[in-house]
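Everything on this sheet refers to the single structure shown next.
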Amino acid sequence: MTENNTGSAFELGTDGPKVIVVGVDGSESSWRAAAYAAGLARRQRSLLAMVYVQPMVMASSAGLGVPMAEATSQVAEEIVAQVREAIERMGETATLRWEFHTFAGDPFTGLSQAADELRADAVVVGASEQAGHRIIGSLAVRLVKAARWPVTVVP
């Protein structure tokens, strides 16, 4: 322990994020973000909360409500399976505490809700791969502008 100029004690290396939320949607950039967040969580001994935001499905959308809901649930199941595979490949030496959550809505609202409910200390997302986000703003930009958590954007 060291003391700062006010005389109070300060411990080095004991603080850090307790919960890291990472948005995953199956895209390459979200997998890079998940890998980065997993490494950070492992090193910091944090809980890694992987969040998949399922698009809201309107039941009256030309009768596509049920098939669309099933498709988004299937995506979530595939993401969980891939996460489990990746963690198994890491082996016994890697100690990573993780959870998988699904939220409904648009990605910004879903990740914001997840970060608030899980009391996240940090949010990690992949860089947007969609050209239209240059005009209306990416998820990462919207999360940063919300100014509620530190946000890391992984290219």
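Please note that chains go A, B, ... in the order of the structure tokens, that every chain numbers its residues from 1, and that ligands are numbered from 1 in the order shown.
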
Using only C-alpha atoms, which protein or nucleic acid residues come within 10 Å of A:Gly110? Drop anything in the same chain fewer than 3 positions from it, and give the result as a JSON list (two decimals) with C-alpha atoms, in the first residue's frame.
[["chain", "number", "residue", "atom", "x", "y", "z"],
["A", 23, "GLY", "CA", -22.26, -7.55, -27.30],
["A", 51, "VAL", "CA", -25.18, -10.31, -24.46],
["A", 52, "TYR", "CA", -27.11, -11.15, -27.61],
["A", 53, "VAL", "CA", -29.85, -8.67, -28.43],
["A", 54, "GLN", "CA", -32.74, -10.34, -30.23],
["A", 55, "PRO", "CA", -34.55, -8.05, -32.66],
["A", 102, "THR", "CA", -30.42, -12.38, -24.30],
["A", 103, "PHE", "CA", -32.33, -9.13, -24.38],
["A", 104, "ALA", "CA", -34.98, -8.03, -26.84],
["A", 105, "GLY", "CA", -34.95, -4.78, -28.79],
["A", 106, "ASP", "CA", -32.55, -2.79, -30.85],
["A", 107, "PRO", "CA", -28.84, -3.30, -30.06],
["A", 113, "GLN", "CA", -30.44, -2.43, -20.45],
["A", 114, "ALA", "CA", -28.02, -5.32, -20.00],
["A", 115, "ALA", "CA", -25.23, -3.06, -18.77],
["A", 116, "ASP", "CA", -27.57, -1.34, -16.31]]

So that I can check the surroundings of A:Leu139, please list as a JSON list (two decimals) with all heavy atoms, in the first residue's frame every protein, DNA and RNA residue that reaches within 12 Å of it, counting only C-alpha atoms and ignoring chain neighbours fewer than 5 positions away.
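Now in out-v4.json:
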[["chain", "number", "residue", "atom", "x", "y", "z"],
["A", 23, "GLY", "N", -21.18, -7.26, -26.37],
["A", 23, "GLY", "CA", -22.26, -7.55, -27.30],
["A", 23, "GLY", "C", -21.80, -8.55, -28.34],
["A", 23, "GLY", "O", -20.75, -8.37, -28.96],
["A", 30, "SER", "N", -17.97, -8.91, -33.72],
["A", 30, "SER", "CA", -18.44, -9.21, -32.36],
["A", 30, "SER", "C", -17.63, -10.35, -31.75],
["A", 30, "SER", "O", -17.40, -10.36, -30.54],
["A", 30, "SER", "CB", -19.94, -9.53, -32.34],
["A", 30, "SER", "OG", -20.23, -10.84, -32.77],
["A", 106, "ASP", "N", -33.63, -3.19, -29.97],
["A", 106, "ASP", "CA", -32.55, -2.79, -30.85],
["A", 106, "ASP", "C", -31.24, -2.93, -30.06],
["A", 106, "ASP", "O", -31.25, -2.96, -28.83],
["A", 106, "ASP", "CB", -32.76, -1.35, -31.35],
["A", 106, "ASP", "CG", -32.63, -0.34, -30.22],
["A", 106, "ASP", "OD1", -33.61, -0.14, -29.47],
["A", 106, "ASP", "OD2", -31.52, 0.24, -30.08],
["A", 107, "PRO", "N", -30.11, -3.05, -30.76],
["A", 107, "PRO", "CA", -28.84, -3.30, -30.06],
["A", 107, "PRO", "C", -28.49, -2.26, -28.99],
["A", 107, "PRO", "O", -28.05, -2.63, -27.90],
["A", 107, "PRO", "CB", -27.80, -3.29, -31.19],
["A", 107, "PRO", "CG", -28.57, -3.74, -32.38],
["A", 107, "PRO", "CD", -29.94, -3.13, -32.22],
["A", 108, "PHE", "N", -28.72, -0.98, -29.26],
["A", 108, "PHE", "CA", -28.39, 0.05, -28.26],
["A", 108, "PHE", "C", -29.23, -0.13, -27.00],
["A", 108, "PHE", "O", -28.71, -0.17, -25.89],
["A", 108, "PHE", "CB", -28.58, 1.46, -28.82],
["A", 108, "PHE", "CG", -28.43, 2.52, -27.77],
["A", 108, "PHE", "CD1", -27.19, 2.86, -27.29],
["A", 108, "PHE", "CD2", -29.55, 3.15, -27.23],
["A", 108, "PHE", "CE1", -27.04, 3.82, -26.30],
["A", 108, "PHE", "CE2", -29.42, 4.11, -26.25],
["A", 108, "PHE", "CZ", -28.16, 4.45, -25.77],
["A", 109, "THR", "N", -30.53, -0.26, -27.16],
["A", 109, "THR", "CA", -31.42, -0.40, -26.01],
["A", 109, "THR", "C", -31.12, -1.69, -25.25],
["A", 109, "THR", "O", -31.05, -1.69, -24.03],
["A", 109, "THR", "CB", -32.90, -0.36, -26.45],
["A", 109, "THR", "OG1", -33.12, 0.86, -27.15],
["A", 109, "THR", "CG2", -33.84, -0.46, -25.27],
["A", 110, "GLY", "N", -30.92, -2.78, -25.98],
["A", 110, "GLY", "CA", -30.65, -4.06, -25.34],
["A", 110, "GLY", "C", -29.35, -4.06, -24.56],
["A", 110, "GLY", "O", -29.30, -4.52, -23.42],
["A", 111, "LEU", "N", -28.28, -3.54, -25.17],
["A", 111, "LEU", "CA", -26.99, -3.51, -24.46],
["A", 111, "LEU", "C", -27.02, -2.53, -23.30],
["A", 111, "LEU", "O", -26.44, -2.80, -22.25],
["A", 111, "LEU", "CB", -25.85, -3.15, -25.42],
["A", 111, "LEU", "CG", -25.36, -4.31, -26.28],
["A", 111, "LEU", "CD1", -24.30, -3.83, -27.27],
["A", 111, "LEU", "CD2", -24.81, -5.43, -25.43],
["A", 112, "SER", "N", -27.71, -1.42, -23.46],
["A", 112, "SER", "CA", -27.83, -0.46, -22.36],
["A", 112, "SER", "C", -28.57, -1.08, -21.19],
["A", 112, "SER", "O", -28.16, -0.96, -20.03],
["A", 112, "SER", "CB", -28.57, 0.80, -22.82],
["A", 112, "SER", "OG", -27.82, 1.48, -23.80],
["A", 123, "VAL", "N", -18.21, -1.84, -21.10],
["A", 123, "VAL", "CA", -18.94, -2.42, -22.23],
["A", 123, "VAL", "C", -17.97, -2.53, -23.40],
["A", 123, "VAL", "O", -17.24, -1.58, -23.69],
["A", 123, "VAL", "CB", -20.16, -1.56, -22.62],
["A", 123, "VAL", "CG1", -20.86, -2.13, -23.84],
["A", 123, "VAL", "CG2", -21.13, -1.43, -21.45],
["A", 124, "VAL", "N", -17.97, -3.69, -24.05],
["A", 124, "VAL", "CA", -17.10, -3.92, -25.20],
["A", 124, "VAL", "C", -17.98, -4.30, -26.39],
["A", 124, "VAL", "O", -18.87, -5.14, -26.25],
["A", 124, "VAL", "CB", -16.08, -5.05, -24.92],
["A", 124, "VAL", "CG1", -15.19, -5.31, -26.13],
["A", 124, "VAL", "CG2", -15.24, -4.72, -23.70],
["A", 125, "VAL", "N", -17.74, -3.66, -27.52],
["A", 125, "VAL", "CA", -18.48, -3.98, -28.75],
["A", 125, "VAL", "C", -17.50, -4.03, -29.91],
["A", 125, "VAL", "O", -16.43, -3.42, -29.87],
["A", 125, "VAL", "CB", -19.61, -2.96, -29.06],
["A", 125, "VAL", "CG1", -20.70, -3.03, -28.01],
["A", 125, "VAL", "CG2", -19.07, -1.55, -29.20],
["A", 126, "GLY", "N", -17.90, -4.72, -30.96],
["A", 126, "GLY", "CA", -17.13, -4.74, -32.19],
["A", 126, "GLY", "C", -17.47, -3.51, -33.01],
["A", 126, "GLY", "O", -18.57, -2.96, -32.93],
["A", 127, "ALA", "N", -16.51, -3.09, -33.83],
["A", 127, "ALA", "CA", -16.76, -1.97, -34.73],
["A", 127, "ALA", "C", -17.83, -2.37, -35.75],
["A", 127, "ALA", "O", -17.88, -3.52, -36.19],
["A", 127, "ALA", "CB", -15.47, -1.58, -35.45],
["A", 128, "SER", "N", -18.66, -1.43, -36.10],
["A", 128, "SER", "CA", -19.75, -1.70, -37.03],
["A", 128, "SER", "C", -19.19, -2.06, -38.40],
["A", 128, "SER", "O", -18.23, -1.47, -38.88],
["A", 128, "SER", "CB", -20.65, -0.48, -37.16],
["A", 128, "SER", "OG", -21.62, -0.72, -38.16],
["A", 129, "GLU", "N", -19.81, -3.06, -39.01],
["A", 129, "GLU", "CA", -19.41, -3.48, -40.36],
["A", 129, "GLU", "C", -20.38, -2.96, -41.41],
["A", 129, "GLU", "O", -20.28, -3.31, -42.58],
["A", 129, "GLU", "CB", -19.34, -5.01, -40.41],
["A", 129, "GLU", "CG", -18.28, -5.58, -39.49],
["A", 129, "GLU", "CD", -18.26, -7.10, -39.46],
["A", 129, "GLU", "OE1", -19.22, -7.73, -39.93],
["A", 129, "GLU", "OE2", -17.28, -7.65, -38.96],
["A", 130, "GLN", "N", -21.34, -2.12, -40.99],
["A", 130, "GLN", "CA", -22.35, -1.63, -41.92],
["A", 130, "GLN", "C", -22.03, -0.21, -42.34],
["A", 130, "GLN", "O", -21.80, 0.67, -41.52],
["A", 130, "GLN", "CB", -23.73, -1.68, -41.27],
["A", 130, "GLN", "CG", -24.15, -3.10, -40.93],
["A", 130, "GLN", "CD", -25.51, -3.15, -40.28],
["A", 130, "GLN", "OE1", -26.17, -2.13, -40.11],
["A", 130, "GLN", "NE2", -25.94, -4.33, -39.91],
["A", 132, "GLY", "N", -24.01, 2.08, -43.58],
["A", 132, "GLY", "CA", -25.03, 3.05, -43.21],
["A", 132, "GLY", "C", -24.80, 3.70, -41.86],
["A", 132, "GLY", "O", -25.30, 4.78, -41.58],
["A", 133, "HIS", "N", -24.01, 3.05, -41.01],
["A", 133, "HIS", "CA", -23.75, 3.61, -39.68],
["A", 133, "HIS", "C", -22.90, 4.86, -39.73],
["A", 133, "HIS", "O", -22.85, 5.60, -38.76],
["A", 133, "HIS", "CB", -23.13, 2.55, -38.78],
["A", 133, "HIS", "CG", -24.12, 1.51, -38.37],
["A", 133, "HIS", "ND1", -23.75, 0.34, -37.77],
["A", 133, "HIS", "CD2", -25.46, 1.46, -38.49],
["A", 133, "HIS", "CE1", -24.84, -0.38, -37.53],
["A", 133, "HIS", "NE2", -25.88, 0.27, -37.96],
["A", 134, "ARG", "N", -22.24, 5.10, -40.84],
["A", 134, "ARG", "CA", -21.47, 6.34, -40.96],
["A", 134, "ARG", "C", -22.41, 7.54, -40.99],
["A", 134, "ARG", "O", -22.05, 8.64, -40.61],
["A", 134, "ARG", "CB", -20.63, 6.32, -42.23],
["A", 134, "ARG", "CG", -19.52, 5.30, -42.16],
["A", 134, "ARG", "CD", -18.62, 5.37, -43.38],
["A", 134, "ARG", "NE", -17.84, 4.15, -43.42],
["A", 134, "ARG", "CZ", -17.75, 3.36, -44.47],
["A", 134, "ARG", "NH1", -18.37, 3.66, -45.58],
["A", 134, "ARG", "NH2", -17.03, 2.27, -44.41],
["A", 144, "VAL", "N", -21.10, 5.36, -26.38],
["A", 144, "VAL", "CA", -20.17, 6.36, -25.85],
["A", 144, "VAL", "C", -20.93, 7.63, -25.48],
["A", 144, "VAL", "O", -20.73, 8.21, -24.41],
["A", 144, "VAL", "CB", -19.03, 6.65, -26.86],
["A", 144, "VAL", "CG1", -18.24, 7.87, -26.44],
["A", 144, "VAL", "CG2", -18.12, 5.44, -26.99],
["A", 145, "LYS", "N", -21.82, 8.06, -26.36],
["A", 145, "LYS", "CA", -22.59, 9.28, -26.09],
["A", 145, "LYS", "C", -23.51, 9.14, -24.88],
["A", 145, "LYS", "O", -23.82, 10.13, -24.22],
["A", 145, "LYS", "CB", -23.40, 9.69, -27.32],
["A", 145, "LYS", "CG", -22.54, 10.30, -28.41],
["A", 145, "LYS", "CD", -23.38, 10.75, -29.57],
["A", 145, "LYS", "CE", -22.51, 11.42, -30.62],
["A", 145, "LYS", "NZ", -23.30, 11.90, -31.75],
["A", 146, "ALA", "N", -23.93, 7.91, -24.58],
["A", 146, "ALA", "CA", -24.77, 7.69, -23.40],
["A", 146, "ALA", "C", -23.98, 8.00, -22.12],
["A", 146, "ALA", "O", -24.55, 8.36, -21.10],
["A", 146, "ALA", "CB", -25.28, 6.25, -23.36],
["A", 151, "VAL", "N", -16.52, 2.45, -22.66],
["A", 151, "VAL", "CA", -16.84, 1.64, -23.84],
["A", 151, "VAL", "C", -15.57, 1.40, -24.63],
["A", 151, "VAL", "O", -14.84, 2.34, -24.94],
["A", 151, "VAL", "CB", -17.88, 2.35, -24.74],
["A", 151, "VAL", "CG1", -18.16, 1.52, -25.99],
["A", 151, "VAL", "CG2", -19.17, 2.60, -23.96],
["A", 152, "THR", "N", -15.31, 0.14, -24.93],
["A", 152, "THR", "CA", -14.18, -0.22, -25.78],
["A", 152, "THR", "C", -14.72, -0.74, -27.10],
["A", 152, "THR", "O", -15.61, -1.60, -27.11],
["A", 152, "THR", "CB", -13.32, -1.32, -25.12],
["A", 152, "THR", "OG1", -12.85, -0.84, -23.86],
["A", 152, "THR", "CG2", -12.13, -1.70, -26.00],
["A", 153, "VAL", "N", -14.20, -0.19, -28.20],
["A", 153, "VAL", "CA", -14.61, -0.63, -29.52],
["A", 153, "VAL", "C", -13.45, -1.41, -30.14],
["A", 153, "VAL", "O", -12.35, -0.89, -30.27],
["A", 153, "VAL", "CB", -14.97, 0.57, -30.42],
["A", 153, "VAL", "CG1", -15.47, 0.09, -31.78],
["A", 153, "VAL", "CG2", -16.02, 1.45, -29.75]]

Non-local contacts of A:Arg119 (10 Å; only C-alpha atoms; under 6 positions in same chain excluded) as a list in words = Lys18, Val19, Ile20, Val21, Gln113 and Trp149 of chain A

Find the residue from A:Ala35, A:Ala41, A:Ala49, A:Val24 that sits nearest to A:Ile79; use only C-alpha atoms when measuring.
->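 Under the stated criterion, the closest residue is A:Val24.
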
Counting only C-alpha atoms, figure out which residue out of A:Leu118, A:Ala38, A:Met56, A:Ala76 gets nearest to A:Arg97.
-> A:Ala38

Apply DSSP to the structure's backbone, then extract all residues of stretch 101-147 of chain A labelled strand (DSSP E) and return them as a VMD selection string.
-> chain A and resid 101 to 104 122 to 126
